[in-house]
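Dropping structure_3.cif in here (mmCIF, C-alpha atoms):
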```cif
data_structure
#
loop_
_atom_site.label_atom_id
_atom_site.label_comp_id
_atom_site.auth_asym_id
_atom_site.auth_seq_id
_atom_site.Cartn_x
_atom_site.Cartn_y
_atom_site.Cartn_z
CA MET A 1 -3.04 -1.01 -24.03
CA LYS A 2 -3.84 1.41 -26.82
CA SER A 3 -1.46 2.01 -29.67
CA SER A 4 -1.39 4.11 -32.79
CA ASN A 5 -1.78 0.95 -34.85
CA SER A 6 -5.04 -0.16 -33.26
CA ILE A 7 -7.37 2.20 -31.37
CA ARG A 8 -7.23 5.91 -32.13
CA GLN A 9 -6.28 7.92 -29.07
CA THR A 10 -8.59 10.67 -27.90
CA LEU A 11 -7.63 14.16 -26.77
CA LEU A 12 -9.92 16.57 -24.92
CA VAL A 13 -8.99 20.13 -25.93
CA ILE A 14 -10.35 22.86 -23.63
CA ASP A 15 -10.04 26.39 -25.01
CA ASP A 16 -12.56 29.23 -25.29
CA GLN A 17 -11.01 30.56 -28.52
CA GLU A 18 -12.43 28.93 -31.63
CA GLU A 19 -9.32 29.82 -33.63
CA ASN A 20 -7.09 27.96 -31.13
CA LEU A 21 -9.32 24.90 -31.34
CA ARG A 22 -9.13 25.04 -35.13
CA ILE A 23 -5.33 25.22 -35.11
CA LEU A 24 -4.96 22.42 -32.60
CA GLY A 25 -7.55 20.35 -34.44
CA ALA A 26 -5.68 20.71 -37.73
CA ILE A 27 -2.36 19.67 -36.17
CA LEU A 28 -3.59 16.78 -34.04
CA THR A 29 -6.15 15.20 -36.36
CA MET A 30 -3.44 15.11 -39.01
CA MET A 31 -1.44 12.97 -36.55
CA GLY A 32 -4.31 10.48 -36.23
CA TYR A 33 -5.84 11.60 -32.93
CA ASP A 34 -9.56 11.99 -32.23
CA LEU A 35 -10.40 15.39 -30.73
CA ILE A 36 -13.15 16.35 -28.28
CA PRO A 37 -13.49 20.16 -28.13
CA ALA A 38 -14.77 22.08 -25.08
CA PHE A 39 -15.15 25.87 -24.82
CA ASP A 40 -15.35 26.21 -21.01
CA GLY A 41 -15.03 24.29 -17.77
CA LYS A 42 -18.67 23.26 -17.52
CA GLN A 43 -18.67 21.80 -21.03
CA ALA A 44 -15.33 20.07 -20.35
CA LEU A 45 -16.73 18.28 -17.29
CA GLN A 46 -19.78 17.21 -19.29
CA ARG A 47 -17.56 15.82 -22.06
CA LEU A 48 -15.41 14.00 -19.49
CA SER A 49 -18.50 12.37 -17.98
CA ALA A 50 -19.57 11.15 -21.43
CA ARG A 51 -16.20 9.88 -22.67
CA LEU A 52 -12.77 9.44 -21.09
CA PRO A 53 -9.94 10.91 -23.18
CA ASP A 54 -6.35 9.68 -23.16
CA LEU A 55 -4.97 13.19 -22.62
CA ILE A 56 -6.26 16.71 -21.92
CA LEU A 57 -4.96 19.98 -23.37
CA LEU A 58 -6.15 22.70 -21.00
CA ASP A 59 -6.04 26.47 -21.49
CA ILE A 60 -5.25 28.50 -18.38
CA VAL A 61 -7.82 31.22 -19.13
CA LEU A 62 -11.45 30.11 -19.47
CA PRO A 63 -14.66 32.17 -19.23
CA ASP A 64 -16.24 30.35 -16.25
CA ILE A 65 -13.29 28.90 -14.28
CA ASP A 66 -9.51 29.21 -14.54
CA GLY A 67 -7.58 26.23 -15.84
CA VAL A 68 -5.74 25.59 -12.58
CA ALA A 69 -9.02 25.30 -10.64
CA LEU A 70 -10.48 23.06 -13.34
CA CYS A 71 -7.41 20.81 -13.22
CA ARG A 72 -7.82 20.50 -9.46
CA LYS A 73 -11.47 19.54 -9.91
CA ILE A 74 -10.58 16.92 -12.52
CA LYS A 75 -7.88 15.39 -10.34
CA GLU A 76 -10.29 15.11 -7.40
CA ASN A 77 -12.40 12.63 -9.38
CA PRO A 78 -10.91 9.10 -9.06
CA ALA A 79 -12.22 8.18 -12.53
CA TRP A 80 -10.29 11.07 -14.11
CA HIS A 81 -7.28 11.30 -11.81
CA GLU A 82 -4.88 9.38 -14.06
CA ILE A 83 -5.59 11.37 -17.25
CA PRO A 84 -2.49 13.47 -18.08
CA ILE A 85 -3.17 17.21 -18.40
CA ILE A 86 -0.97 19.52 -20.49
CA PHE A 87 -1.55 23.20 -19.78
CA VAL A 88 -1.45 25.67 -22.69
CA SER A 89 -1.19 29.43 -22.21
CA ALA A 90 0.09 32.62 -23.77
CA SER A 91 1.74 33.44 -20.45
CA ASP A 92 5.20 32.16 -19.57
CA ASP A 93 5.03 33.47 -15.99
CA LYS A 94 7.16 31.07 -13.93
CA ASN A 95 4.92 31.25 -10.87
CA LEU A 96 1.91 30.30 -13.01
CA VAL A 97 3.84 27.40 -14.54
CA VAL A 98 4.78 26.10 -11.07
CA GLN A 99 1.19 26.49 -9.84
CA ALA A 100 -0.16 24.60 -12.87
CA LEU A 101 2.28 21.71 -12.44
CA GLU A 102 1.76 21.47 -8.67
CA THR A 103 -2.00 21.21 -9.24
CA GLY A 104 -1.51 18.06 -11.29
CA GLY A 105 -0.45 19.11 -14.79
CA VAL A 106 2.25 17.03 -16.45
CA ASP A 107 3.50 19.73 -18.82
CA TYR A 108 3.09 23.39 -19.85
CA ILE A 109 3.18 24.67 -23.45
CA THR A 110 3.17 28.36 -24.36
CA LYS A 111 1.31 29.93 -27.29
CA PRO A 112 1.75 30.46 -30.16
CA TYR A 113 2.22 26.74 -30.73
CA ASN A 114 5.36 25.29 -32.20
CA LYS A 115 3.98 22.37 -34.22
CA ALA A 116 6.95 20.04 -33.72
CA GLU A 117 7.14 20.78 -29.97
CA LEU A 118 3.39 20.27 -29.51
CA ILE A 119 3.38 16.93 -31.32
CA SER A 120 6.50 15.74 -29.49
CA ARG A 121 5.10 16.51 -26.03
CA VAL A 122 1.68 15.04 -26.77
CA ARG A 123 3.30 11.84 -28.06
CA ALA A 124 5.62 11.63 -25.04
CA HIS A 125 2.84 11.94 -22.47
CA LEU A 126 0.56 9.55 -24.32
CA ALA A 127 3.40 7.01 -24.39
CA LEU A 128 3.98 7.49 -20.66
CA LYS A 129 0.28 6.97 -20.00
CA GLU A 130 0.32 3.76 -22.06
CA SER A 131 3.27 2.52 -20.01
CA ARG A 132 1.55 3.35 -16.71
CA ASP A 133 -1.66 1.64 -17.86
CA ALA A 134 0.30 -1.43 -18.93
CA LEU A 135 2.13 -1.59 -15.58
CA ARG A 136 -1.16 -1.18 -13.71
CA ALA A 137 -2.72 -4.01 -15.72
CA LEU A 138 0.38 -6.15 -15.12
CA ALA A 139 0.16 -5.50 -11.38
CA ALA A 140 -3.53 -6.46 -11.39
CA ASP A 141 -2.72 -9.67 -13.29
CA LYS A 142 0.05 -10.41 -10.79
CA ASP A 143 -2.35 -9.99 -7.87
CA VAL A 144 -4.86 -12.36 -9.48
CA LEU A 145 -2.12 -14.91 -10.21
CA LEU A 146 -0.75 -14.72 -6.66
CA GLY A 147 -4.25 -15.21 -5.29
CA MET A 148 -4.80 -18.27 -7.48
CA LEU A 149 -1.41 -19.75 -6.59
CA ALA A 150 -1.90 -19.13 -2.88
CA HIS A 151 -5.35 -20.74 -3.00
CA ASP A 152 -4.10 -23.81 -4.88
CA PHE A 153 -0.99 -24.17 -2.70
CA LYS A 154 -3.09 -23.97 0.46
CA ASN A 155 -5.40 -26.72 -0.79
CA HIS A 156 -2.53 -29.02 -1.81
CA LEU A 157 -0.56 -28.37 1.39
CA ALA A 158 -3.65 -29.05 3.49
CA GLY A 159 -3.92 -32.39 1.68
CA VAL A 160 -0.26 -33.20 2.33
CA MET A 161 -0.64 -32.27 6.01
CA MET A 162 -3.75 -34.46 6.34
CA SER A 163 -1.97 -37.41 4.71
CA ALA A 164 1.07 -36.94 6.97
CA ARG A 165 -1.20 -36.79 10.02
CA VAL A 166 -2.96 -40.04 9.03
CA LEU A 167 0.35 -41.77 8.40
CA SER A 168 1.82 -40.48 11.67
CA GLU A 169 -0.96 -42.30 13.53
CA ARG A 170 0.29 -45.59 12.03
CA THR A 171 4.01 -45.18 12.67
CA ALA A 172 4.01 -48.33 14.80
CA ASP A 173 3.65 -50.31 11.58
CA LEU A 174 6.42 -48.41 9.79
CA PRO A 175 10.23 -48.46 9.97
CA GLU A 176 11.75 -45.85 12.29
CA ARG A 177 13.26 -43.96 9.33
CA SER A 178 9.87 -43.72 7.64
CA ALA A 179 8.24 -42.39 10.80
CA ALA A 180 10.85 -39.64 11.03
CA LEU A 181 10.32 -38.67 7.39
CA ILE A 182 6.54 -38.53 7.82
CA LYS A 183 6.98 -36.25 10.84
CA GLU A 184 9.29 -33.96 8.84
CA ILE A 185 6.81 -33.86 5.94
CA GLY A 186 4.10 -32.74 8.36
CA HIS A 187 6.29 -30.04 9.92
CA SER A 188 7.52 -28.73 6.55
CA SER A 189 4.00 -28.58 5.17
CA GLU A 190 2.83 -26.70 8.26
CA ARG A 191 5.65 -24.15 7.91
CA MET A 192 4.93 -23.64 4.21
CA LEU A 193 1.23 -23.17 4.90
CA GLY A 194 2.07 -20.64 7.59
CA PHE A 195 4.28 -18.77 5.14
CA ILE A 196 1.45 -18.60 2.58
CA HIS A 197 -1.03 -17.37 5.19
CA GLN A 198 1.41 -14.69 6.34
CA PHE A 199 2.27 -13.61 2.81
CA HIS A 200 -1.41 -13.41 1.87
CA ALA A 201 -2.27 -11.33 4.95
CA ASN A 202 0.63 -8.94 4.36
CA HIS A 203 -0.22 -8.65 0.67
CA GLN A 204 -3.81 -7.68 1.53
CA ALA A 205 -2.57 -5.11 4.03
CA ALA A 206 -0.26 -3.60 1.41
CA THR A 207 -2.91 -3.28 -1.30
CA GLU A 208 -6.16 -2.51 0.51
CA ALA A 209 -7.07 1.12 1.19
CA LEU A 210 -7.42 2.26 4.81
CA THR A 211 -10.51 4.04 6.11
CA PRO A 212 -9.44 6.40 8.95
CA GLN A 213 -12.14 6.70 11.61
CA PRO A 214 -12.49 6.73 15.40
CA PHE A 215 -12.02 3.33 17.07
CA ASP A 216 -10.92 1.75 20.35
CA ALA A 217 -7.30 0.72 19.85
CA SER A 218 -7.18 -1.21 23.14
CA ALA A 219 -9.97 -3.58 22.03
CA VAL A 220 -8.09 -4.43 18.83
CA ILE A 221 -4.83 -5.00 20.70
CA ARG A 222 -6.42 -7.28 23.30
CA GLN A 223 -8.03 -9.33 20.55
CA VAL A 224 -4.73 -9.82 18.69
CA ALA A 225 -2.92 -10.67 21.95
CA ARG A 226 -5.50 -13.37 22.77
CA HIS A 227 -5.11 -14.78 19.27
CA HIS A 228 -1.35 -15.20 19.80
CA GLY A 229 -1.65 -16.61 23.31
CA PRO A 230 -1.61 -20.30 22.25
CA HIS A 231 1.47 -19.78 20.04
CA ALA A 232 3.34 -18.12 22.90
CA LEU A 233 2.25 -20.89 25.30
CA SER A 234 3.45 -23.59 22.91
CA LYS A 235 6.95 -22.03 23.03
CA ASN A 236 6.80 -21.49 26.82
CA ILE A 237 6.89 -17.72 26.28
CA THR A 238 5.20 -15.33 28.71
CA LEU A 239 2.90 -12.97 26.79
CA THR A 240 1.46 -10.02 28.72
CA CYS A 241 -0.98 -7.32 27.55
CA THR A 242 -1.47 -4.23 29.72
CA MET A 243 -4.03 -1.65 28.59
CA PRO A 244 -5.66 1.31 30.40
CA ASP A 245 -9.02 0.76 32.10
CA THR A 246 -10.60 3.36 29.80
CA PRO A 247 -10.80 2.88 25.99
CA MET A 248 -7.89 4.21 23.95
CA ARG A 249 -9.86 6.15 21.34
CA ALA A 250 -7.70 6.72 18.26
CA ILE A 251 -8.10 7.93 14.69
CA GLY A 252 -7.08 5.20 12.30
CA ASP A 253 -8.20 1.96 10.76
CA THR A 254 -9.26 -1.11 12.76
CA ASN A 255 -7.98 -3.63 10.20
CA GLY A 256 -4.81 -1.62 9.72
CA LEU A 257 -3.95 -1.64 13.44
CA ARG A 258 -4.86 -5.34 13.65
CA GLN A 259 -2.33 -6.14 10.91
CA ILE A 260 0.31 -3.93 12.54
CA MET A 261 -0.09 -5.69 15.88
CA GLU A 262 -0.21 -9.12 14.21
CA ASN A 263 3.18 -8.43 12.65
CA LEU A 264 4.81 -6.95 15.76
CA ILE A 265 3.54 -9.61 18.18
CA SER A 266 4.12 -12.59 15.88
CA ASN A 267 7.65 -11.32 15.14
CA ALA A 268 8.41 -11.06 18.85
CA ILE A 269 7.14 -14.59 19.57
CA LYS A 270 8.92 -15.90 16.50
CA PHE A 271 12.38 -14.68 17.51
CA VAL A 272 12.24 -14.88 21.32
CA PRO A 273 13.73 -18.13 22.70
CA PRO A 274 11.71 -20.44 24.96
CA GLU A 275 10.99 -19.03 28.44
CA GLY A 276 11.30 -15.53 27.03
CA VAL A 277 8.93 -12.61 27.61
CA VAL A 278 6.83 -10.55 25.17
CA ALA A 279 5.05 -7.51 26.63
CA ILE A 280 2.37 -5.33 25.02
CA ASP A 281 1.65 -2.01 26.74
CA GLY A 282 -0.75 0.76 25.80
CA LYS A 283 -1.22 4.22 27.26
CA LEU A 284 -2.98 7.48 26.53
CA GLU A 285 -0.89 10.65 26.35
CA PRO A 286 -2.06 14.18 25.45
CA GLY A 287 -3.22 13.99 21.84
CA ARG A 288 -1.89 10.52 21.14
CA VAL A 289 -2.21 6.79 21.75
CA VAL A 290 1.09 5.04 22.48
CA ILE A 291 1.51 1.28 22.04
CA GLU A 292 4.73 -0.59 22.79
CA VAL A 293 5.67 -4.18 21.97
CA SER A 294 8.85 -5.32 23.70
CA ASP A 295 10.70 -8.63 24.16
CA ASN A 296 13.93 -10.00 25.63
CA GLY A 297 15.04 -11.70 22.41
CA PRO A 298 18.34 -11.26 20.54
CA GLY A 299 17.52 -7.74 19.31
CA PHE A 300 19.09 -6.16 16.23
CA SER A 301 22.62 -5.60 15.01
CA GLU A 302 23.74 -2.26 13.61
CA ASP A 303 23.38 -3.68 10.11
CA ASP A 304 19.85 -4.88 10.97
CA ARG A 305 18.85 -1.38 12.10
CA GLY A 306 19.74 0.06 8.72
CA ARG A 307 17.48 -2.42 6.92
CA LEU A 308 14.79 -2.90 9.54
CA PHE A 309 11.79 -1.52 7.65
CA LYS A 310 12.91 -2.33 4.13
CA ARG A 311 10.90 -4.66 1.95
CA TYR A 312 11.95 -8.33 2.05
CA ALA A 313 14.70 -7.49 4.54
CA ARG A 314 16.43 -10.57 5.95
CA LEU A 315 17.83 -9.82 9.39
CA SER A 316 20.45 -11.63 11.44
CA ALA A 317 18.12 -13.32 13.95
CA GLN A 318 16.45 -16.60 12.99
CA PRO A 319 13.02 -17.90 14.10
CA THR A 320 13.51 -20.15 17.08
CA ALA A 321 11.03 -22.84 15.97
CA GLY A 322 11.38 -22.75 12.19
CA GLU A 323 8.44 -20.35 11.73
CA PRO A 324 8.04 -18.75 8.28
CA SER A 325 9.40 -15.25 7.68
CA THR A 326 8.63 -13.20 4.56
CA GLY A 327 10.70 -10.13 5.38
CA LEU A 328 7.58 -8.02 4.76
CA GLY A 329 6.03 -7.67 8.21
CA LEU A 330 7.88 -4.63 9.55
CA HIS A 331 7.86 -2.90 6.15
CA ILE A 332 4.09 -3.20 5.88
CA ALA A 333 3.53 -2.26 9.53
CA LYS A 334 5.55 0.94 8.99
CA ARG A 335 3.56 1.72 5.85
CA LEU A 336 0.20 1.14 7.54
CA VAL A 337 1.08 3.33 10.52
CA GLY A 338 2.15 6.09 8.13
CA GLN A 339 -1.15 5.87 6.24
CA MET A 340 -2.95 6.44 9.53
CA GLY A 341 -0.89 9.56 10.23
CA GLY A 342 1.15 7.88 12.96
CA ARG A 343 4.66 6.60 13.59
CA LEU A 344 6.38 3.26 14.14
CA ASP A 345 9.90 3.26 15.58
CA LEU A 346 12.38 0.89 17.13
CA ILE A 347 13.24 2.57 20.44
CA THR A 348 15.70 -0.01 21.81
CA PRO A 349 19.00 1.82 22.39
CA PRO A 350 21.85 0.64 20.12
CA GLY A 351 23.95 -2.11 21.67
CA GLU A 352 21.19 -3.44 23.90
CA THR A 353 19.57 -6.84 23.44
CA GLY A 354 15.85 -7.25 23.09
CA ALA A 355 13.47 -5.31 20.87
CA ARG A 356 11.12 -2.50 21.81
CA PHE A 357 8.83 -1.10 19.12
CA GLN A 358 6.63 1.95 19.65
CA VAL A 359 3.47 2.76 17.68
CA ILE A 360 2.02 6.28 18.01
CA LEU A 361 -1.46 7.13 16.70
CA ASN A 362 -3.50 10.33 16.88
CA ALA A 363 -5.93 10.26 19.80
CA LEU A 364 -9.58 11.25 19.45
CA THR A 365 -10.29 14.43 21.43
CA LYS A 366 -13.46 15.21 23.32
CA THR A 367 -14.63 17.30 20.36
CA GLY A 368 -14.33 14.29 18.06
CA ASN A 369 -11.21 15.48 16.25
CA PRO A 370 -7.62 14.25 16.46
CA ASP A 371 -5.18 16.62 18.17
#
```
Rewrite the structure of this file - the entire thing - as structure tokens.
Amino acid sequence: MKSSNSIRQTLLVIDDQEENLRILGAILTMMGYDLIPAFDGKQALQRLSARLPDLILLDIVLPDIDGVALCRKIKENPAWHEIPIIFVSASDDKNLVVQALETGGVDYITKPYNKAELISRVRAHLALKESRDALRALAADKDVLLGMLAHDFKNHLAGVMMSARVLSERTADLPERSAALIKEIGHSSERMLGFIHQFHANHQAATEALTPQPFDASAVIRQVARHHGPHALSKNITLTCTMPDTPMRAIGDTNGLRQIMENLISNAIKFVPPEGVVAIDGKLEPGRVVIEVSDNGPGFSEDDRGRLFKRYARLSAQPTAGEPSTGLGLHIAKRLVGQMGGRLDLITPPGETGARFQVILNALTKTGNPD
């Protein structure tokens, strides 16, 4: 993170009037900032490509492009998107101010400049940028640390599970109490490893960007259902998957839908008691793909419904076989569906047992566009 005591902060000042650049230069260089001047939009973009500033002061009126259009162009570039832009103008027209701020500006200063106001606002937005950069770096460090911890935990837990498995094969030579403890060690290690796998998968789904494109939703759903078949069988749960004979062409993200279905199906199997039923149904409707995951488990209380899609929500039902639960699955599924332009809802009527979730995605039309 930059600070006034270490690296000098850089400001790109875009104004076609030499006198304005001189005035701003005198004020801001006196405060210890480095200035990059630009007289028009073309020169500003060239200067941005050569060196990233910490903040931009942008005049509304320029000879080749207006400031609002230039701001929009700057914000479209991912490398420049986070640079704060303060508009400067002789006009105090409220509609222009609103337009400038909606385009991506963080502030609007009118000419002639009030020195104290100018310095105060520049300092404030530079400080906010430093805070955002620091939080972004902290989040990146957190992700790296979580990845390292998850990797190390998985290795150690795999070792514990292997040792427990070897010992469990020799329980005839051990006291009955020891055999029971070894079995519990194995089960606990397996649950912890499952928790780490689930947390890691959900974390990836929450941080990775989606790439919306046409894909066959039914193929993804069938694949996920097959993957969960052994788990359902081990709990004596009937798992059915009914899809149309023709592909369900949707606009979305293959990995995104896979993670959504992983969460919905695993949740259903996790909370449905033995001999229960989990059903996955897909259908094509005009302009949309509709997917439903239903079960005859305990369902949700009124309090559960209010917290259903919240992060780390702990609901009233408990896994029937001690499976891990992070409280993230439904939250992330809802987020992923939203990123694909769809919807995820609980459609079980209040007061009824069981759970019935509905996922709606945009369908691909014959022209290749979503309705």
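Across A:Leu145, A:Gly329, A:Lys183, A:Glu285, the tightest approach to Thr171 of chain A is made by A:Lys183 when counting only C-alpha atoms.
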For this session: Neighbourhood query: residues within 6 Å of (-8.0, 6.3, -32.6), file coordinates, counting all atoms listed in the file; return as a ChimeraX atom specification.
Result: /A:7-9,33-34
Exercise. Using all atoms listed in the file, which residues sit within 9 Å of segment 82-89 of chain A once same-chain residues fewer than 3 positions away are excluded, as JSON, numbers by chain?
Worked result: {"A": [15, 52, 53, 54, 55, 56, 57, 58, 59, 60, 61, 67, 68, 71, 74, 75, 78, 79, 92, 97, 100, 101, 104, 105, 106, 107, 108, 109, 110, 111, 112, 113, 121, 122, 125, 126, 129]}
Exercise. Can you list, as a PyMOL selection string, the residues that the PyMOL selection byres ((chain A and resi 241) around 8) selects here?
Worked result: chain A and resi 222+225+239-240+242-243+279-281
Problem set entry | Residue neighbourhood segment 163-168 of chain A, 9 Å, only C-alpha atoms, exclusion window fewer than 6 positions, as an MDAnalysis selection string | chainID A and resid 179 182:186
For this session: Give as a count of residues only the residues that the PyMOL selection byres ((chain A and resi 355) around 6) matches when applied to the coordinates above.
Result: 6
For this session: Give me the result of the PyMOL selection byres ((chain A and resi 350) around 10) on this file, residue by residue, as number ranges by chain.
Result: A: 299-302, 305, 346-349, 351-353
Problem set entry | Residue with smallest distance to Ala363 of chain A - pool A:Gln213, A:Thr103, A:Thr29, A:Gln223, counting all atoms listed in the file | A:Gln213
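Every residue within 7 Å of the file position (7.7, -12.7, 25.1), judged by all atoms listed in the file, is given as Ile237, Thr238, Leu239, Ala268, Ile269, Val272, Gly276, Val277, Val278, Ala279, Asp295 and Asn296 of chain A.
Put simply, atom CA of Arg51 of chain A is 18.9 Å away from atom CA of Arg72 of chain A.
Residue nearest Arg191 of chain A, chosen from A:Asn267, A:Pro319, A:Leu21, A:Asp143 and counting only C-alpha atoms: A:Pro319.
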